[in-house]
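Report on the following structure.
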Protein chains: 2
Amino acid sequence: MFECRGQQRMDSAAALPSAPPIRVLLVDDHPVVRAGLRAMLAEAPAAPGLPGQEAVDVVAEAATGEEAVRLVVRGEPQVDLVLMDLQLGDGIDGAEATRRIRAVGEFPVLILTTYDTDADILTAVEAGAAGYMLKDAPPEQIHRAVRDAAAGRTALAPEVAARLMGRIREPLPSLSAREVQLVELLATGLSNRAMAKELFISEATVKTHLIHVYQKLGVDNRVAAVTEARARRIIRS
Amino acid sequence: MFECRGQQRMDSAAALPSAPPIRVLLVDDHPVVRAGLRAMLAEAPAAPGLPGQEAVDVVAEAATGEEAVRLVVRGEPQVDLVLMDLQLGDGIDGAEATRRIRAVGEFPVLILTTYDTDADILTAVEAGAAGYMLKDAPPEQIHRAVRDAAAGRTALAPEVAARLMGRIREPLPSLSAREVQLVELLATGLSNRAMAKELFISEATVKTHLIHVYQKLGVDNRVAAVTEARARRIIRS
DNA sequence: CCGCGGATCAACCGATCGGTGGATCCGCGA
DNA sequence: TCGCGGATCCACCGATCGGTTGATCCGCGG
């Protein structure tokens, strides 16, 4: 790993002054993915001097959210952009790491993850992400997104953009606090009667709540409701 | 079984004849992961001449299961090992692709995926996988696994091996493959009748299986069964 | 003020589920 | 060879659930 990154700094005779490389911090718990991004970003079609074609330089890596935050807080090495996965195994997740990184400075954070569920996208945007890309994107898209995010522009994968538009046009009906409470108990496997006792309400009320939950989640039984609620991150785990 | 794997063909004049590289077919729907594996396997600590230290050569890649099967059937380029992800987006999944590849010849298939639930492991082993590794494994482990699998040895991640051992020693009653299958469908919210149709068995059989599942998991209804199965990593969330 | 939505409750009915008690078939190992 | 466990199936019953059609109460905002 002693490659000379930074050919740009020795362009004494170059007619076109090359732009400084974009310094990136990789955050992913999978060594395979980090290696892939490193390789993919290294072989960037660097066109020195052309704006929007800066080289990309991976100057640091982190396998956990905590490590990423520590690196950013330390400020060494300096980075221009954080490339962050959302699923980081144990410890804090990518959204929480993004939130903390945003709290310490003006680092743009580009999310690069596998899933494009509403819950994931919303929490990421809420946490202050500068962009949201999917891992199955072709290299060119990822390149573009890195440069866009580093330049302060929002970088959204087409699928993600479409999903956000869809939510604005047709917002999903959200569960009331009481209904969420019901679903949480439901997930533990309680019967209607047991839930009624737990919440000091009648069984009839429980059934009414559940029917509303089914309608809002677009399902027709309790198992599907729990699964859907999990998928939408309405309940944890 | 008697494949001439090649170290014998050392007809060169070199004092330490280098073993032929292991030719690998990568199957993963994520370009990032493919790039990562390519880089990771390329920078293998190739120690020519030492058995078990052959170089690894990625000679082909596929983004879908169908494409992988097509490549293997065509037989060009020749490969010694297939490195397969289980989650392949649309189309057939990694387990089904493995099954079809095993059907056409003696290619060892090494699964390299993210999750280590019973359901994933069981279907992969059933499909004829020669090994099961996790993507968060360090490069050395992946290297070793590739070489082991190519040499006809079984390559299991420690977590996976432990899980399989646990199933054999069974301190707590473990679900049969069929029962795991049932719980997976159960988690999607299907009714008994729907599950019966899905599995081409009668509703009575479904109920029998479910009762066994309840007994083994120590629960008395389907929601609790799904939650418990998730907690025990029998199925994936 | 009045409407609206959320929370609460009741009666009712068909569908589904949980559980019992059987049964047959098959493969695998003692 | 025999037994055992897994997978398959059947009939039956009470319990529970999904869904409908009502209803009352209350707080909030136009």
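Residue numbers start at 1 in each chain; chains themselves are named A, B, ... in the order of the structure tokens; ligands are numbered from 1 in the order shown.
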Any idea which chain D residues end up within 10 Å of chain A if we count only C-alpha atoms (C1' of nucleotides), as a compact mmCIF listing (two decimals) with C-alpha atoms (C1' of nucleotides), in the first residue's frame please?
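The result, written out as part.txt:
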# COMPACT_ATOMS: atom_id res chain seq x y z
C1' DT D 16 -59.36 -16.76 18.34
C1' DC D 17 -59.30 -13.57 14.68
C1' DG D 18 -60.90 -10.44 10.74
C1' DG D 19 -64.45 -7.52 9.57
Set the distance at 7 Å and use only C-alpha atoms (C1' of nucleotides): which residues neighbour stretch 109-114 of chain A once local chain neighbours fewer than 6 positions away are removed? I'd like the list as a list in words. Leu81, Val82, Leu83, Met84, Asp85, Leu86, Thr98, Ala129, Ala130, Gly131, Tyr132, Met133, Leu134, Lys135 and Ala149 of chain A
Please provide as a PyMOL selection string all residues within 12 Å of C:DC26, with the sequence filter that same-chain residues fewer than 3 positions apart are discarded (counting only C-alpha atoms (C1' of nucleotides)). chain D and resi 4-8
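Between chain B and its sequence-identical counterpart chain A, the C-alpha RMSD after optimal superposition is 6.8 Å.
For the pair atom CA of A:Ile235 and atom CA of A:Glu159, the interatomic distance is 24.7 Å.
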Give me the residues of chain C that have any atom at most 12 Å from an atom of chain A; for each, the nearest atom pair and the distance in Å, rounded to one decimal. Use only C-alpha atoms (C1' of nucleotides), sort by chain and number, and format it as a Markdown table.
| residue | atom | partner | partner_atom | distance |
| --- | --- | --- | --- | --- |
| C:DG5 | C1' | A:Ser176 | CA | 10.9 |
| C:DG6 | C1' | A:Ser176 | CA | 8.3 |
| C:DA7 | C1' | A:Thr205 | CA | 8.2 |
| C:DT8 | C1' | A:Thr205 | CA | 6.3 |
| C:DC9 | C1' | A:Ala204 | CA | 6.5 |
| C:DA10 | C1' | A:Ala204 | CA | 7.6 |
| C:DA11 | C1' | A:Ala204 | CA | 10.2 |
| C:DT16 | C1' | A:Asn221 | CA | 10.6 |
Closest atom pairs, chain B residues within 7 Å of chain A, only C-alpha atoms, as a Markdown table:
| residue | atom | partner | partner_atom | distance |
| --- | --- | --- | --- | --- |
| B:Asp29 | CA | A:Asp136 | CA | 6.4 |
| B:His30 | CA | A:Asp136 | CA | 4.3 |
| B:Pro31 | CA | A:Asp136 | CA | 6.1 |
| B:Val32 | CA | A:Gly36 | CA | 5.0 |
| B:Val33 | CA | A:Val33 | CA | 5.3 |
| B:Arg34 | CA | A:Gly36 | CA | 6.8 |
| B:Ala35 | CA | A:Gly36 | CA | 4.4 |
| B:Gly36 | CA | A:Gly36 | CA | 3.0 |
| B:Leu37 | CA | A:Val32 | CA | 6.0 |
| B:Ala39 | CA | A:Ala35 | CA | 6.5 |
| B:Met40 | CA | A:Ala35 | CA | 6.6 |
| B:Lys135 | CA | A:His30 | CA | 6.0 |
| B:Asp136 | CA | A:His30 | CA | 4.4 |
| B:Pro138 | CA | A:Pro31 | CA | 6.3 |
| B:Ala187 | CA | A:Val223 | CA | 6.4 |
| B:Thr188 | CA | A:Ala224 | CA | 5.7 |
| B:Gly189 | CA | A:Ala224 | CA | 4.0 |
| B:Asn221 | CA | A:Gly189 | CA | 6.7 |
| B:Val223 | CA | A:Gly189 | CA | 4.8 |
| B:Ala224 | CA | A:Gly189 | CA | 4.0 |
| B:Thr227 | CA | A:Ala187 | CA | 6.7 |
Taking only stretch 89-165 of chain B into account, list the residues labelled helix (DSSP H, G or I) by DSSP (computed from the backbone), as a PyMOL selection string. chain B and resi 94-104+118-127+139-150+158-165
Write a file of the selected residues as a PDB file, in the first residue's frame, keeping C-alpha atoms.
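The new file again.pdb reads:
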ATOM      1  CA  GLY B  94     -27.709 -17.566  -5.335  1.00  0.00           C
ATOM      2  CA  ALA B  95     -28.994 -20.865  -3.963  1.00  0.00           C
ATOM      3  CA  GLU B  96     -30.930 -21.644  -7.125  1.00  0.00           C
ATOM      4  CA  ALA B  97     -27.965 -20.620  -9.289  1.00  0.00           C
ATOM      5  CA  THR B  98     -25.739 -22.890  -7.205  1.00  0.00           C
ATOM      6  CA  ARG B  99     -28.154 -25.764  -7.717  1.00  0.00           C
ATOM      7  CA  ARG B 100     -28.115 -25.317 -11.477  1.00  0.00           C
ATOM      8  CA  ILE B 101     -24.348 -24.941 -11.633  1.00  0.00           C
ATOM      9  CA  ARG B 102     -23.899 -28.100  -9.589  1.00  0.00           C
ATOM     10  CA  ALA B 103     -26.242 -29.843 -11.976  1.00  0.00           C
ATOM     11  CA  VAL B 104     -24.054 -29.228 -15.016  1.00  0.00           C
ATOM     12  CA  ASP B 118     -30.235 -20.918   9.488  1.00  0.00           C
ATOM     13  CA  ALA B 119     -32.489 -20.457   6.501  1.00  0.00           C
ATOM     14  CA  ASP B 120     -29.713 -19.097   4.298  1.00  0.00           C
ATOM     15  CA  ILE B 121     -27.134 -21.626   5.401  1.00  0.00           C
ATOM     16  CA  LEU B 122     -29.433 -24.608   5.060  1.00  0.00           C
ATOM     17  CA  THR B 123     -30.643 -23.758   1.572  1.00  0.00           C
ATOM     18  CA  ALA B 124     -27.076 -23.065   0.441  1.00  0.00           C
ATOM     19  CA  VAL B 125     -25.728 -26.346   1.775  1.00  0.00           C
ATOM     20  CA  GLU B 126     -28.723 -28.157   0.347  1.00  0.00           C
ATOM     21  CA  ALA B 127     -27.995 -26.566  -3.037  1.00  0.00           C
ATOM     22  CA  PRO B 139      -9.241 -10.759   3.482  1.00  0.00           C
ATOM     23  CA  GLU B 140      -7.082 -13.592   4.794  1.00  0.00           C
ATOM     24  CA  GLN B 141     -10.127 -15.654   5.660  1.00  0.00           C
ATOM     25  CA  ILE B 142     -11.601 -15.095   2.230  1.00  0.00           C
ATOM     26  CA  HIS B 143      -8.313 -16.060   0.608  1.00  0.00           C
ATOM     27  CA  ARG B 144      -8.118 -19.230   2.604  1.00  0.00           C
ATOM     28  CA  ALA B 145     -11.698 -20.099   1.842  1.00  0.00           C
ATOM     29  CA  VAL B 146     -11.178 -19.646  -1.891  1.00  0.00           C
ATOM     30  CA  ARG B 147      -8.160 -21.928  -1.847  1.00  0.00           C
ATOM     31  CA  ASP B 148      -9.816 -24.497   0.352  1.00  0.00           C
ATOM     32  CA  ALA B 149     -12.931 -24.618  -1.783  1.00  0.00           C
ATOM     33  CA  ALA B 150     -10.915 -24.817  -4.997  1.00  0.00           C
ATOM     34  CA  PRO B 158     -16.312 -19.805  12.008  1.00  0.00           C
ATOM     35  CA  GLU B 159     -19.752 -18.362  12.800  1.00  0.00           C
ATOM     36  CA  VAL B 160     -21.353 -20.674  10.270  1.00  0.00           C
ATOM     37  CA  ALA B 161     -19.440 -23.705  11.465  1.00  0.00           C
ATOM     38  CA  ALA B 162     -20.508 -23.010  15.022  1.00  0.00           C
ATOM     39  CA  ARG B 163     -24.111 -22.696  13.942  1.00  0.00           C
ATOM     40  CA  LEU B 164     -24.005 -26.018  12.109  1.00  0.00           C
ATOM     41  CA  MET B 165     -22.313 -27.730  15.049  1.00  0.00           C
TER      42      MET B 165
END
Residues near D:DG30, anyone? I mean within 12 Å using only C-alpha atoms (C1' of nucleotides), not counting same-chain ones fewer than 4 positions away, as an MDAnalysis selection string. chainID C and resid 1:4
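Relative to atom CA of A:His212, atom CA of A:Leu185 is found at 15.4 Å.
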Between atom C1' of C:DG27 and atom CA of B:Gly128, distance in Å (one decimal): 20.0 Å
Check stretch 18-118 of chain A with DSSP on the backbone and list each residue it calls strand (DSSP E), as a PyMOL selection string. chain A and resi 22-27+56-62+81-84+109-113
Residue subset to file, keeping N, CA and C atoms, as a PDB file, in the first residue's frame:
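Just written: again.pdb:
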ATOM      1  N   ILE A  22     -10.284  14.917  -4.439  1.00  0.00           N
ATOM      2  CA  ILE A  22     -11.301  14.868  -3.390  1.00  0.00           C
ATOM      3  C   ILE A  22     -10.871  13.833  -2.364  1.00  0.00           C
ATOM      4  N   ARG A  23     -10.682  14.278  -1.123  1.00  0.00           N
ATOM      5  CA  ARG A  23     -10.212  13.361  -0.079  1.00  0.00           C
ATOM      6  C   ARG A  23     -11.407  12.704   0.601  1.00  0.00           C
ATOM      7  N   VAL A  24     -11.442  11.406   0.562  1.00  0.00           N
ATOM      8  CA  VAL A  24     -12.624  10.661   0.991  1.00  0.00           C
ATOM      9  C   VAL A  24     -12.319   9.776   2.201  1.00  0.00           C
ATOM     10  N   LEU A  25     -13.283   9.735   3.122  1.00  0.00           N
ATOM     11  CA  LEU A  25     -13.242   8.773   4.232  1.00  0.00           C
ATOM     12  C   LEU A  25     -14.275   7.686   3.961  1.00  0.00           C
ATOM     13  N   LEU A  26     -13.818   6.442   3.838  1.00  0.00           N
ATOM     14  CA  LEU A  26     -14.727   5.318   3.612  1.00  0.00           C
ATOM     15  C   LEU A  26     -15.214   4.756   4.942  1.00  0.00           C
ATOM     16  N   VAL A  27     -16.516   4.540   5.059  1.00  0.00           N
ATOM     17  CA  VAL A  27     -17.052   3.915   6.269  1.00  0.00           C
ATOM     18  C   VAL A  27     -17.926   2.740   5.860  1.00  0.00           C
ATOM     19  N   VAL A  56     -10.210  11.196  -7.176  1.00  0.00           N
ATOM     20  CA  VAL A  56     -10.742  10.863  -5.868  1.00  0.00           C
ATOM     21  C   VAL A  56      -9.670  10.103  -5.096  1.00  0.00           C
ATOM     22  N   ASP A  57      -9.444  10.533  -3.872  1.00  0.00           N
ATOM     23  CA  ASP A  57      -8.352   9.980  -3.094  1.00  0.00           C
ATOM     24  C   ASP A  57      -8.893   9.455  -1.759  1.00  0.00           C
ATOM     25  N   VAL A  58      -8.871   8.153  -1.600  1.00  0.00           N
ATOM     26  CA  VAL A  58      -9.337   7.579  -0.325  1.00  0.00           C
ATOM     27  C   VAL A  58      -8.213   7.720   0.700  1.00  0.00           C
ATOM     28  N   VAL A  59      -8.396   8.629   1.635  1.00  0.00           N
ATOM     29  CA  VAL A  59      -7.319   8.928   2.579  1.00  0.00           C
ATOM     30  C   VAL A  59      -7.519   8.251   3.927  1.00  0.00           C
ATOM     31  N   ALA A  60      -8.718   7.699   4.158  1.00  0.00           N
ATOM     32  CA  ALA A  60      -8.943   7.039   5.449  1.00  0.00           C
ATOM     33  C   ALA A  60     -10.107   6.074   5.330  1.00  0.00           C
ATOM     34  N   GLU A  61     -10.124   5.086   6.226  1.00  0.00           N
ATOM     35  CA  GLU A  61     -11.211   4.113   6.235  1.00  0.00           C
ATOM     36  C   GLU A  61     -11.622   3.832   7.669  1.00  0.00           C
ATOM     37  N   ALA A  62     -12.891   3.465   7.823  1.00  0.00           N
ATOM     38  CA  ALA A  62     -13.381   3.087   9.142  1.00  0.00           C
ATOM     39  C   ALA A  62     -14.344   1.933   8.984  1.00  0.00           C
ATOM     40  N   LEU A  81     -15.033  14.534   2.080  1.00  0.00           N
ATOM     41  CA  LEU A  81     -16.313  13.839   1.937  1.00  0.00           C
ATOM     42  C   LEU A  81     -16.262  12.526   2.710  1.00  0.00           C
ATOM     43  N   VAL A  82     -17.389  12.180   3.324  1.00  0.00           N
ATOM     44  CA  VAL A  82     -17.495  10.892   4.004  1.00  0.00           C
ATOM     45  C   VAL A  82     -18.423  10.000   3.196  1.00  0.00           C
ATOM     46  N   LEU A  83     -17.947   8.808   2.844  1.00  0.00           N
ATOM     47  CA  LEU A  83     -18.768   7.835   2.128  1.00  0.00           C
ATOM     48  C   LEU A  83     -19.217   6.797   3.150  1.00  0.00           C
ATOM     49  N   MET A  84     -20.513   6.740   3.407  1.00  0.00           N
ATOM     50  CA  MET A  84     -21.008   6.011   4.570  1.00  0.00           C
ATOM     51  C   MET A  84     -22.034   4.937   4.211  1.00  0.00           C
ATOM     52  N   VAL A 109     -21.775  14.193   3.876  1.00  0.00           N
ATOM     53  CA  VAL A 109     -21.808  12.742   4.036  1.00  0.00           C
ATOM     54  C   VAL A 109     -22.667  12.156   2.929  1.00  0.00           C
ATOM     55  N   LEU A 110     -22.064  11.273   2.148  1.00  0.00           N
ATOM     56  CA  LEU A 110     -22.804  10.604   1.070  1.00  0.00           C
ATOM     57  C   LEU A 110     -23.110   9.184   1.515  1.00  0.00           C
ATOM     58  N   ILE A 111     -24.389   8.859   1.596  1.00  0.00           N
ATOM     59  CA  ILE A 111     -24.796   7.509   1.988  1.00  0.00           C
ATOM     60  C   ILE A 111     -24.674   6.580   0.779  1.00  0.00           C
ATOM     61  N   LEU A 112     -24.042   5.440   1.002  1.00  0.00           N
ATOM     62  CA  LEU A 112     -23.936   4.427  -0.062  1.00  0.00           C
ATOM     63  C   LEU A 112     -24.316   3.096   0.561  1.00  0.00           C
ATOM     64  N   THR A 113     -25.525   2.636   0.262  1.00  0.00           N
ATOM     65  CA  THR A 113     -26.030   1.476   0.989  1.00  0.00           C
ATOM     66  C   THR A 113     -26.805   0.566   0.072  1.00  0.00           C
TER      67      THR A 113
END
Surrounding residues of D:DA11 excluding itself and chain neighbours under 6 positions, 12 Å, only C-alpha atoms (C1' of nucleotides), as a PyMOL selection string: (chain B and resi 204) or (chain C and resi 20-23)
Can you spit out the residues from that selection as a tab-separated table (two decimals), in the first residue's frame, using C-alpha atoms (C1' of nucleotides)?
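So the final result, stored in out_27.tsv, reads:
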chain	number	residue	atom	x	y	z
B	204	ALA	CA	-53.32	-30.24	7.40
C	20	DT	C1'	-55.88	-33.56	19.62
C	21	DG	C1'	-55.68	-38.02	17.96
C	22	DG	C1'	-54.96	-40.56	14.82
C	23	DA	C1'	-52.73	-42.50	10.09
